[in-house]
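As stored in entry-v4.cif (mmCIF, C-alpha atoms (C1' of nucleotides)):
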data_start
#
loop_
_atom_site.label_atom_id
_atom_site.label_comp_id
_atom_site.auth_asym_id
_atom_site.auth_seq_id
_atom_site.Cartn_x
_atom_site.Cartn_y
_atom_site.Cartn_z
CA MET X 1 0.00 0.00 0.00
CA PHE X 2 1.05 3.58 -0.57
CA ARG X 3 2.11 5.86 2.23
CA GLY X 4 4.30 8.85 2.89
CA ALA X 5 4.64 12.43 1.71
CA ASN X 6 6.92 13.17 -1.22
CA LYS X 7 8.03 16.51 -2.50
CA VAL X 8 7.84 16.37 -6.29
CA THR X 9 8.09 18.88 -9.11
CA LEU X 10 6.20 19.24 -12.34
CA ASP X 11 8.45 20.35 -15.18
CA ALA X 12 7.46 22.79 -17.92
CA LYS X 13 5.67 20.03 -19.82
CA GLY X 14 3.65 18.93 -16.82
CA ARG X 15 5.64 15.78 -16.20
CA LEU X 16 6.08 14.37 -12.73
CA ALA X 17 8.67 11.79 -11.70
CA MET X 18 7.04 9.07 -9.62
CA PRO X 19 9.30 8.41 -6.63
CA THR X 20 11.16 5.19 -7.37
CA ARG X 21 10.08 3.37 -4.25
CA TYR X 22 6.54 3.22 -5.65
CA ARG X 23 7.36 2.37 -9.23
CA GLU X 24 7.91 -1.32 -8.87
CA ARG X 25 4.66 -1.76 -7.03
CA ILE X 26 2.74 0.25 -9.60
CA VAL X 27 4.19 -1.73 -12.47
CA GLU X 28 3.43 -5.09 -10.90
CA ARG X 29 -0.03 -4.04 -9.79
CA SER X 30 -1.25 -2.40 -12.99
CA ASN X 31 1.57 -2.61 -15.51
CA GLY X 32 2.25 1.10 -14.99
CA ARG X 33 -1.28 2.18 -15.79
CA LEU X 34 -2.84 4.77 -13.49
CA ILE X 35 -6.02 6.84 -13.33
CA ALA X 36 -6.08 10.42 -12.12
CA THR X 37 -9.24 12.22 -11.14
CA VAL X 38 -10.35 15.06 -8.91
CA ASP X 39 -11.15 14.93 -5.22
CA ARG X 40 -14.72 15.90 -4.49
CA ALA X 41 -13.88 17.85 -1.33
CA ASP X 42 -10.44 19.36 -1.81
CA ARG X 43 -8.49 20.90 -4.63
CA CYS X 44 -6.27 17.94 -5.15
CA LEU X 45 -6.00 15.01 -7.52
CA LEU X 46 -6.51 11.35 -6.72
CA ILE X 47 -4.28 8.84 -8.48
CA TYR X 48 -5.20 5.17 -8.50
CA PRO X 49 -3.63 2.08 -10.03
CA LEU X 50 -6.03 1.07 -12.78
CA PRO X 51 -7.51 -2.01 -11.03
CA GLU X 52 -8.26 -0.01 -7.89
CA TRP X 53 -10.01 2.62 -9.92
CA GLU X 54 -12.10 0.10 -11.78
CA GLU X 55 -13.56 -1.14 -8.52
CA ILE X 56 -14.40 2.38 -7.48
CA GLU X 57 -15.93 3.25 -10.80
CA LEU X 58 -18.09 0.16 -10.57
CA LYS X 59 -19.32 1.20 -7.14
CA LEU X 60 -20.07 4.69 -8.40
CA ARG X 61 -21.99 3.46 -11.40
CA ARG X 62 -24.15 1.20 -9.28
CA LEU X 63 -25.45 4.14 -7.27
CA PRO X 64 -28.95 5.45 -8.10
CA THR X 65 -28.42 7.84 -11.00
CA LEU X 66 -31.53 9.88 -10.35
CA ASN X 67 -30.22 11.14 -7.03
CA PRO X 68 -28.65 14.57 -7.71
CA THR X 69 -25.87 14.07 -5.18
CA VAL X 70 -24.93 10.81 -6.82
CA ARG X 71 -25.07 12.43 -10.20
CA ARG X 72 -22.70 15.17 -9.06
CA LEU X 73 -20.27 12.68 -7.62
CA GLN X 74 -20.30 10.64 -10.82
CA ARG X 75 -19.79 13.69 -12.97
CA LEU X 76 -16.86 14.84 -10.90
CA MET X 77 -15.09 11.57 -10.42
CA ILE X 78 -15.84 9.58 -13.54
CA GLY X 79 -15.99 12.70 -15.64
CA HIS X 80 -12.46 13.73 -14.77
CA ALA X 81 -10.89 10.30 -14.68
CA THR X 82 -7.94 10.26 -17.04
CA ASP X 83 -5.60 7.45 -18.04
CA LEU X 84 -1.96 7.99 -17.21
CA GLU X 85 1.01 5.82 -17.88
CA LEU X 86 4.52 5.68 -16.49
CA ASP X 87 6.93 6.57 -19.29
CA SER X 88 10.36 5.04 -19.78
CA SER X 89 11.86 7.21 -17.03
CA GLY X 90 9.05 6.58 -14.56
CA ARG X 91 7.24 9.85 -15.08
CA ILE X 92 3.56 10.58 -15.60
CA LEU X 93 2.15 13.43 -17.62
CA VAL X 94 -0.53 15.35 -15.74
CA PRO X 95 -3.03 16.67 -18.30
CA PRO X 96 -3.72 20.43 -18.32
CA PRO X 97 -7.38 20.29 -17.15
CA LEU X 98 -6.42 18.36 -14.04
CA ARG X 99 -3.38 20.51 -13.44
CA GLU X 100 -5.65 23.51 -13.55
CA TYR X 101 -8.23 22.01 -11.21
CA ALA X 102 -5.66 21.33 -8.52
CA ALA X 103 -3.81 24.62 -9.11
CA LEU X 104 -0.61 22.71 -9.78
CA SER X 105 2.34 24.78 -10.84
CA ARG X 106 5.86 23.61 -10.12
CA ASP X 107 6.17 22.37 -6.56
CA ALA X 108 3.77 19.66 -5.50
CA MET X 109 3.29 17.02 -2.82
CA LEU X 110 2.50 13.42 -3.68
CA VAL X 111 0.91 11.82 -0.66
CA GLY X 112 0.32 8.09 -0.27
CA GLN X 113 -3.14 7.24 1.06
CA GLY X 114 -3.39 3.47 1.05
CA ASN X 115 -4.89 2.41 -2.25
CA ARG X 116 -4.24 5.74 -3.94
CA PHE X 117 -2.10 8.87 -4.02
CA GLU X 118 -3.19 12.41 -3.53
CA LEU X 119 -1.41 15.11 -5.50
CA TRP X 120 -1.44 18.61 -4.03
CA ASP X 121 0.00 21.95 -4.94
CA GLU X 122 2.66 22.24 -2.28
CA PRO X 123 1.71 25.61 -0.75
CA LEU X 124 -1.91 24.49 -0.63
CA TRP X 125 -0.93 21.25 1.06
CA ASN X 126 0.99 23.12 3.72
CA GLU X 127 -1.85 25.52 4.41
CA SER X 128 -4.38 22.74 4.56
CA ARG X 129 -2.24 20.72 6.93
CA GLU X 130 -1.98 23.63 9.33
CA GLN X 131 -5.75 23.87 9.26
CA TRP X 132 -6.21 20.19 10.06
CA LEU X 133 -3.81 20.44 12.95
CA LYS X 134 -5.69 23.39 14.39
CA VAL X 135 -9.05 21.71 14.05
CA ASP X 136 -7.88 18.57 15.75
CA GLU X 137 -6.40 20.57 18.56
CA SER X 138 -9.75 22.07 19.33
CA ALA X 139 -10.93 18.56 20.19
CA GLU X 140 -14.24 18.68 18.43
CA GLU X 141 -16.66 15.86 19.06
CA LEU X 142 -15.00 12.70 17.90
CA PRO X 143 -16.91 9.92 16.20
CA PRO X 144 -17.20 6.93 18.52
CA GLU X 145 -14.74 4.89 16.46
CA LEU X 146 -12.12 7.50 17.14
CA SER X 147 -12.60 8.41 20.76
CA SER X 148 -11.49 4.97 21.85
CA LEU X 149 -8.68 4.66 19.34
CA SER X 150 -5.25 3.98 20.77
CA ILE X 151 -2.38 5.06 18.56
CA MET B 1 8.87 -2.17 25.03
CA PHE B 2 10.67 1.10 24.55
CA ARG B 3 11.39 3.37 27.49
CA GLY B 4 13.54 6.30 28.37
CA ALA B 5 14.60 9.68 27.03
CA ASN B 6 17.76 9.80 24.93
CA LYS B 7 19.69 12.79 23.73
CA VAL B 8 20.57 12.18 20.09
CA THR B 9 21.96 14.25 17.22
CA LEU B 10 21.09 14.46 13.57
CA ASP B 11 24.12 14.94 11.34
CA ALA B 12 24.23 17.15 8.27
CA LYS B 13 22.61 14.45 6.15
CA GLY B 14 19.75 13.92 8.59
CA ARG B 15 21.06 10.67 10.00
CA LEU B 16 20.36 9.65 13.55
CA ALA B 17 22.19 6.92 15.46
CA MET B 18 19.67 4.70 17.22
CA PRO B 19 20.88 4.14 20.80
CA THR B 20 22.40 0.68 20.89
CA ARG B 21 20.23 -0.67 23.65
CA TYR B 22 17.23 -0.54 21.30
CA ARG B 23 18.88 -1.90 18.20
CA GLU B 24 18.73 -5.58 18.98
CA ARG B 25 15.07 -5.37 19.86
CA ILE B 26 14.23 -3.46 16.70
CA VAL B 27 16.07 -5.91 14.52
CA GLU B 28 14.44 -8.95 16.06
CA ARG B 29 11.00 -7.35 16.06
CA SER B 30 10.95 -5.97 12.53
CA ASN B 31 14.25 -6.82 10.92
CA GLY B 32 15.33 -3.20 11.36
CA ARG B 33 12.36 -1.80 9.52
CA LEU B 34 10.65 1.23 11.07
CA ILE B 35 7.92 3.68 10.13
CA ALA B 36 8.08 7.35 11.01
CA THR B 37 5.07 9.63 10.85
CA VAL B 38 3.85 12.86 12.38
CA ASP B 39 2.03 13.31 15.64
CA ARG B 40 -1.29 15.00 15.07
CA ALA B 41 -1.21 17.10 18.23
CA ASP B 42 2.44 18.04 18.72
CA ARG B 43 5.31 18.92 16.45
CA CYS B 44 7.09 15.66 16.90
CA LEU B 45 7.54 12.42 14.99
CA LEU B 46 6.30 8.99 15.94
CA ILE B 47 8.52 6.03 15.12
CA TYR B 48 7.09 2.52 15.10
CA PRO B 49 8.51 -0.90 14.33
CA LEU B 50 6.86 -1.91 11.07
CA PRO B 51 4.49 -4.56 12.53
CA GLU B 52 3.21 -2.13 15.16
CA TRP B 53 2.53 0.44 12.49
CA GLU B 54 0.70 -2.01 10.26
CA GLU B 55 -1.84 -2.65 12.99
CA ILE B 56 -2.44 1.04 13.36
CA GLU B 57 -2.69 1.64 9.66
CA LEU B 58 -5.27 -1.12 9.44
CA LYS B 59 -7.34 0.51 12.17
CA LEU B 60 -7.12 3.86 10.42
CA ARG B 61 -8.11 2.48 7.05
CA ARG B 62 -11.17 0.76 8.46
CA LEU B 63 -12.61 4.07 9.63
CA PRO B 64 -15.31 5.69 7.46
CA THR B 65 -13.50 7.74 4.80
CA LEU B 66 -16.32 10.21 4.27
CA ASN B 67 -16.07 11.54 7.82
CA PRO B 68 -13.93 14.70 7.65
CA THR B 69 -12.25 14.08 10.99
CA VAL B 70 -11.28 10.60 9.87
CA ARG B 71 -10.04 11.94 6.57
CA ARG B 72 -7.84 14.46 8.33
CA LEU B 73 -6.39 11.84 10.59
CA GLN B 74 -5.67 9.52 7.68
CA ARG B 75 -4.07 12.28 5.67
CA LEU B 76 -1.82 13.25 8.52
CA MET B 77 -0.81 9.83 9.76
CA ILE B 78 -0.83 7.60 6.67
CA GLY B 79 0.08 10.53 4.47
CA HIS B 80 3.30 11.14 6.34
CA ALA B 81 4.20 7.56 7.18
CA THR B 82 7.63 6.87 5.75
CA ASP B 83 9.64 3.66 5.70
CA LEU B 84 12.97 3.82 7.49
CA GLU B 85 15.65 1.23 7.86
CA LEU B 86 18.60 0.86 10.19
CA ASP B 87 21.76 1.15 8.12
CA SER B 88 24.96 -0.81 8.70
CA SER B 89 25.96 1.46 11.57
CA GLY B 90 22.55 1.42 13.24
CA ARG B 91 21.42 4.80 12.00
CA ILE B 92 18.15 5.88 10.43
CA LEU B 93 17.78 8.63 7.85
CA VAL B 94 15.01 11.08 8.72
CA PRO B 95 13.54 12.34 5.43
CA PRO B 96 13.43 16.12 4.85
CA PRO B 97 9.62 16.55 4.93
CA LEU B 98 9.43 14.96 8.37
CA ARG B 99 12.50 16.79 9.62
CA GLU B 100 10.83 19.99 8.58
CA TYR B 101 7.53 19.16 10.23
CA ALA B 102 9.13 18.48 13.58
CA ALA B 103 11.56 21.42 13.25
CA LEU B 104 14.47 19.05 13.74
CA SER B 105 17.89 20.59 13.39
CA ARG B 106 20.84 19.07 15.21
CA ASP B 107 19.97 18.25 18.79
CA ALA B 108 16.97 16.02 19.36
CA MET B 109 15.36 13.82 21.99
CA LEU B 110 14.34 10.27 21.26
CA VAL B 111 11.76 9.24 23.81
CA GLY B 112 10.56 5.68 24.33
CA GLN B 113 6.77 5.44 24.58
CA GLY B 114 5.95 1.76 24.81
CA ASN B 115 5.27 0.48 21.32
CA ARG B 116 6.88 3.51 19.67
CA PHE B 117 9.38 6.31 19.98
CA GLU B 118 8.76 9.99 19.85
CA LEU B 119 11.38 12.19 18.24
CA TRP B 120 11.49 15.82 19.32
CA ASP B 121 13.60 18.82 18.58
CA GLU B 122 15.43 19.13 21.86
CA PRO B 123 14.64 22.78 22.70
CA LEU B 124 11.00 22.15 21.83
CA TRP B 125 10.95 19.07 24.05
CA ASN B 126 12.26 21.06 26.98
CA GLU B 127 9.74 23.85 26.52
CA SER B 128 6.87 21.42 26.14
CA ARG B 129 7.86 19.56 29.26
CA GLU B 130 7.78 22.77 31.24
CA GLN B 131 4.31 23.40 29.90
CA TRP B 132 3.06 19.98 30.94
CA LEU B 133 4.36 20.49 34.44
CA LYS B 134 2.58 23.81 34.74
CA VAL B 135 -0.72 22.44 33.50
CA ASP B 136 -0.64 19.54 35.93
CA GLU B 137 0.12 21.89 38.78
CA SER B 138 -3.17 23.65 38.18
CA ALA B 139 -4.92 20.37 39.03
CA GLU B 140 -7.59 20.53 36.38
CA GLU B 141 -10.46 18.08 36.50
CA LEU B 142 -9.30 14.60 35.57
CA PRO B 143 -11.17 12.29 33.20
CA PRO B 144 -12.65 9.28 35.01
CA GLU B 145 -10.08 6.86 33.63
CA LEU B 146 -7.40 8.89 35.34
CA SER B 147 -8.99 9.78 38.62
CA SER B 148 -8.92 6.15 39.73
CA LEU B 149 -5.43 5.50 38.51
CA SER B 150 -2.83 4.36 41.01
CA ILE B 151 0.75 5.16 40.09
"C1'" DC G 1 49.54 3.68 31.78
"C1'" DG G 2 48.72 1.98 27.39
"C1'" DA G 3 45.92 -0.87 24.31
"C1'" DC G 4 41.71 -2.38 22.84
"C1'" DG G 5 36.80 -2.18 21.72
"C1'" DC G 6 32.58 0.02 21.17
"C1'" DG G 7 29.50 3.64 20.07
"C1'" DG G 8 29.10 7.68 17.73
"C1'" DT G 9 30.35 10.88 13.85
"C1'" DG G 10 31.81 12.57 9.55
"C1'" DG G 11 33.12 12.42 4.84
"C1'" DG G 12 33.95 10.69 0.17
"C1'" DA G 13 32.97 7.85 -3.80
"C1'" DA G 14 29.79 5.20 -6.42
"C1'" DA G 15 25.29 4.59 -7.81
"C1'" DA G 16 20.78 6.01 -8.65
"C1'" DA G 17 17.27 9.26 -9.23
"C1'" DG G 18 15.62 13.54 -10.97
"C1'" DT G 19 15.61 17.11 -14.55
"C1'" DG G 20 15.81 19.25 -18.82
"C1'" DG G 21 16.22 19.52 -23.63
"C1'" DG G 22 15.92 18.06 -28.35
"C1'" DA G 23 14.47 15.26 -32.10
"C1'" DA G 24 10.89 12.55 -34.16
"C1'" DT G 25 6.24 11.57 -34.78
"C1'" DG G 26 1.57 12.66 -35.36
"C1'" DA G 27 -2.34 15.84 -35.57
"C1'" DA G 28 -4.51 20.13 -36.90
"C1'" DT G 29 -5.19 23.98 -39.88
"C1'" DG G 30 -4.79 27.13 -43.61
"C1'" DC C 1 -0.72 19.34 -49.56
"C1'" DA C 2 2.36 21.90 -46.78
"C1'" DT C 3 3.32 24.15 -42.55
"C1'" DT C 4 2.96 24.63 -37.83
"C1'" DC C 5 1.91 23.19 -33.40
"C1'" DA C 6 1.72 19.86 -29.92
"C1'" DT C 7 2.81 15.54 -27.98
"C1'" DT C 8 5.77 11.64 -27.22
"C1'" DC C 9 9.93 9.37 -26.92
"C1'" DC C 10 14.69 9.18 -25.89
"C1'" DC C 11 19.11 10.64 -24.39
"C1'" DA C 12 22.38 13.16 -21.49
"C1'" DC C 13 23.51 15.95 -17.70
"C1'" DT C 14 23.18 17.25 -12.83
"C1'" DT C 15 21.95 16.53 -8.31
"C1'" DT C 16 20.80 13.67 -4.64
"C1'" DT C 17 21.03 9.56 -2.20
"C1'" DT C 18 23.21 5.54 -0.56
"C1'" DC C 19 26.80 2.81 0.83
"C1'" DC C 20 31.10 2.13 2.86
"C1'" DC C 21 35.12 3.20 5.35
"C1'" DA C 22 37.94 5.83 8.54
"C1'" DC C 23 38.39 8.64 12.49
"C1'" DC C 24 37.59 10.18 17.19
"C1'" DG C 25 36.44 10.02 22.04
"C1'" DC C 26 35.51 7.45 25.89
"C1'" DG C 27 35.40 3.71 28.94
"C1'" DT C 28 37.30 -0.70 30.20
"C1'" DC C 29 40.50 -4.08 30.78
"C1'" DG C 30 44.95 -5.96 30.91
#
Now, as a test, write the supplied structure out as C-alpha cells.
Amino acid sequence: MFRGANKVTLDAKGRLAMPTRYRERIVERSNGRLIATVDRADRCLLIYPLPEWEEIELKLRRLPTLNPTVRRLQRLMIGHATDLELDSSGRILVPPPLREYAALSRDAMLVGQGNRFELWDEPLWNESREQWLKVDESAEELPPELSSLSI
Amino acid sequence: MFRGANKVTLDAKGRLAMPTRYRERIVERSNGRLIATVDRADRCLLIYPLPEWEEIELKLRRLPTLNPTVRRLQRLMIGHATDLELDSSGRILVPPPLREYAALSRDAMLVGQGNRFELWDEPLWNESREQWLKVDESAEELPPELSSLSI
DNA sequence: CGACGCGGTGGGAAAAAGTGGGAATGAATG
DNA sequence: CATTCATTCCCACTTTTTCCCACCGCGTCG
C-alpha cells in the first residue's frame, strides 16, 4: 500500500517523476497504468492504479443515477478520470485540465493514502495541513470509532 | 517495550544513530524496519517498528472515509508515514519533509513510549515539558479513567 | 599507563534518481 | 498538400542519495 509524503516537481511540460520506491509496485499491480481524477472535497487530484479505480468506478456506477448528489459525484469523479502511464523514465504526464483544477504549478506534494495517491500543490498542502492540525487541537466531538482509538 | 529519554543528534545528512540498547530489539521485532510519521497534536515524529505500524494503519483504514475528521487523521498519519531502515551502523535517515515538520535541526530527543518512539527537537521538548508540568500543577479536573489510577 | 573495543560521527565515492532539452512523430489547420 | 503546433519518446547531464570506510572520544580491561 502507498504511504508517505513526497516533494515532487512538475516540469514545464507537466511531467512528474514518480518516486522510485513506488514504481515497482505500480508496475506489478497495474503494468504502470494509473487513473487520475479530482477529489470531491479538496483541490487535489486522486491517483489510482487502474484495477483499484475500476472497482471504485463500478461502485459509483451502481449508485442510483436519479439522485442529484450521486449524479454530481459521478460527474466529478468519472468525468475527470484520465488514463496515465509511467513513461520510460518513470514519469507521468498530468493533463492540463487536471493541473488547472488542482492549481498545480511547479512544486507539489505526492501523498500516499493506502490504495491511492493524492497530488497537491505544495503551498496548498501546507496551508491545509496547518488547518487540520488546528481543528484537531480544538478537540471537536470525535466519532465513537475515534474516541477509543489507541495510537 | 521502549522506554527512556535519549539525547541524540542528527548529522548534516539527517542521519540519527539509534541508541544501541534498542537496536537488537528493533532488529528482532521488525528486521530493522521502522515507520516514522507525524504526531497529530504536537510537532514531533512517531517512530514505530513496522508490525506495530501495520496494525495502526489497518485501524485507520477501516474508519469511514467520508467523515472529515477521519479523513484528516488519515491524511496526517498515513500521508506522512515513511519507511525507514537501520543502516549498517545502526542509523536511520530522517527524510526532509518529516524533519521539517518536527523542526528538527541538530539536537533532538528520542523518547521511548511503549510500542513507539517519539522524536522531538530538543529545545522544543524542553519547553513542552515545562508546559506539561505547569498544566498539571493547576490540578484541572481529571477524566474518570485517570482519577482512579494508582501510580 | 597503554591498548583495545565500542558507540558515535563525519566524509567521500559510487550509484541512482531527478531534470531538462531536443528530435521525431503525429495531428490540426490554412 | 504543406506548414505549424503539440505531444511523445529518448538521451544526457546534474543533483541527490546511498553505501562504505575511517576517524575520534571514551570507557574498560589488561
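Superposing chain B onto chain X by least squares over all C-alpha atoms, paired in sequence order, gives an RMSD of 0.5 Å.
In plain terms, chain X touches chain C through X:Lys13, X:Asp87, X:Ser88, X:Ser89, where touching means an atom at most 10 Å away, counting all atoms listed in the file.
Counting only C-alpha atoms, every residue of chain B that comes within 7 Å of chain X is listed here: Arg40, Ala41, Ile56, Arg72, Arg75, Ile78, Gly79, His80, Ala81 and Thr82 of chain B.
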Save the residues we just selected, C-alpha atoms, as a compact mmCIF listing (two decimals), in the frame of the given file?
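What landed in out-v9.txt:
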# COMPACT_ATOMS: atom_id res chain seq x y z
CA ARG B 40 -1.29 15.00 15.07
CA ALA B 41 -1.21 17.10 18.23
CA ILE B 56 -2.44 1.04 13.36
CA ARG B 72 -7.84 14.46 8.33
CA ARG B 75 -4.07 12.28 5.67
CA ILE B 78 -0.83 7.60 6.67
CA GLY B 79 0.08 10.53 4.47
CA HIS B 80 3.30 11.14 6.34
CA ALA B 81 4.20 7.56 7.18
CA THR B 82 7.63 6.87 5.75
Exercise. Could you write out as number ranges by chain the residues that the PyMOL selection byres ((chain G) within 12 of (chain B)) matches in the shown file?
Worked result: G: 6-11
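You will find atom CA of B:Asp42 at 27.7 Å from atom CA of X:Leu45.
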For this session: Convert the output of the PyMOL selection byres ((chain X and resi 94-96) around 9) on the shown file into explicit residues, formatted as a PyMOL selection string.
Result: chain X and resi 10+13-16+36+82+84+92-93+97-101
Problem set entry | Surrounding residues of stretch 123-126 of chain X excluding itself and chain neighbours under 3 positions, 10 Å, all atoms listed in the file, as a VMD selection string | chain X and resid 43 to 44 102 to 104 107 to 111 119 to 120 129 to 131
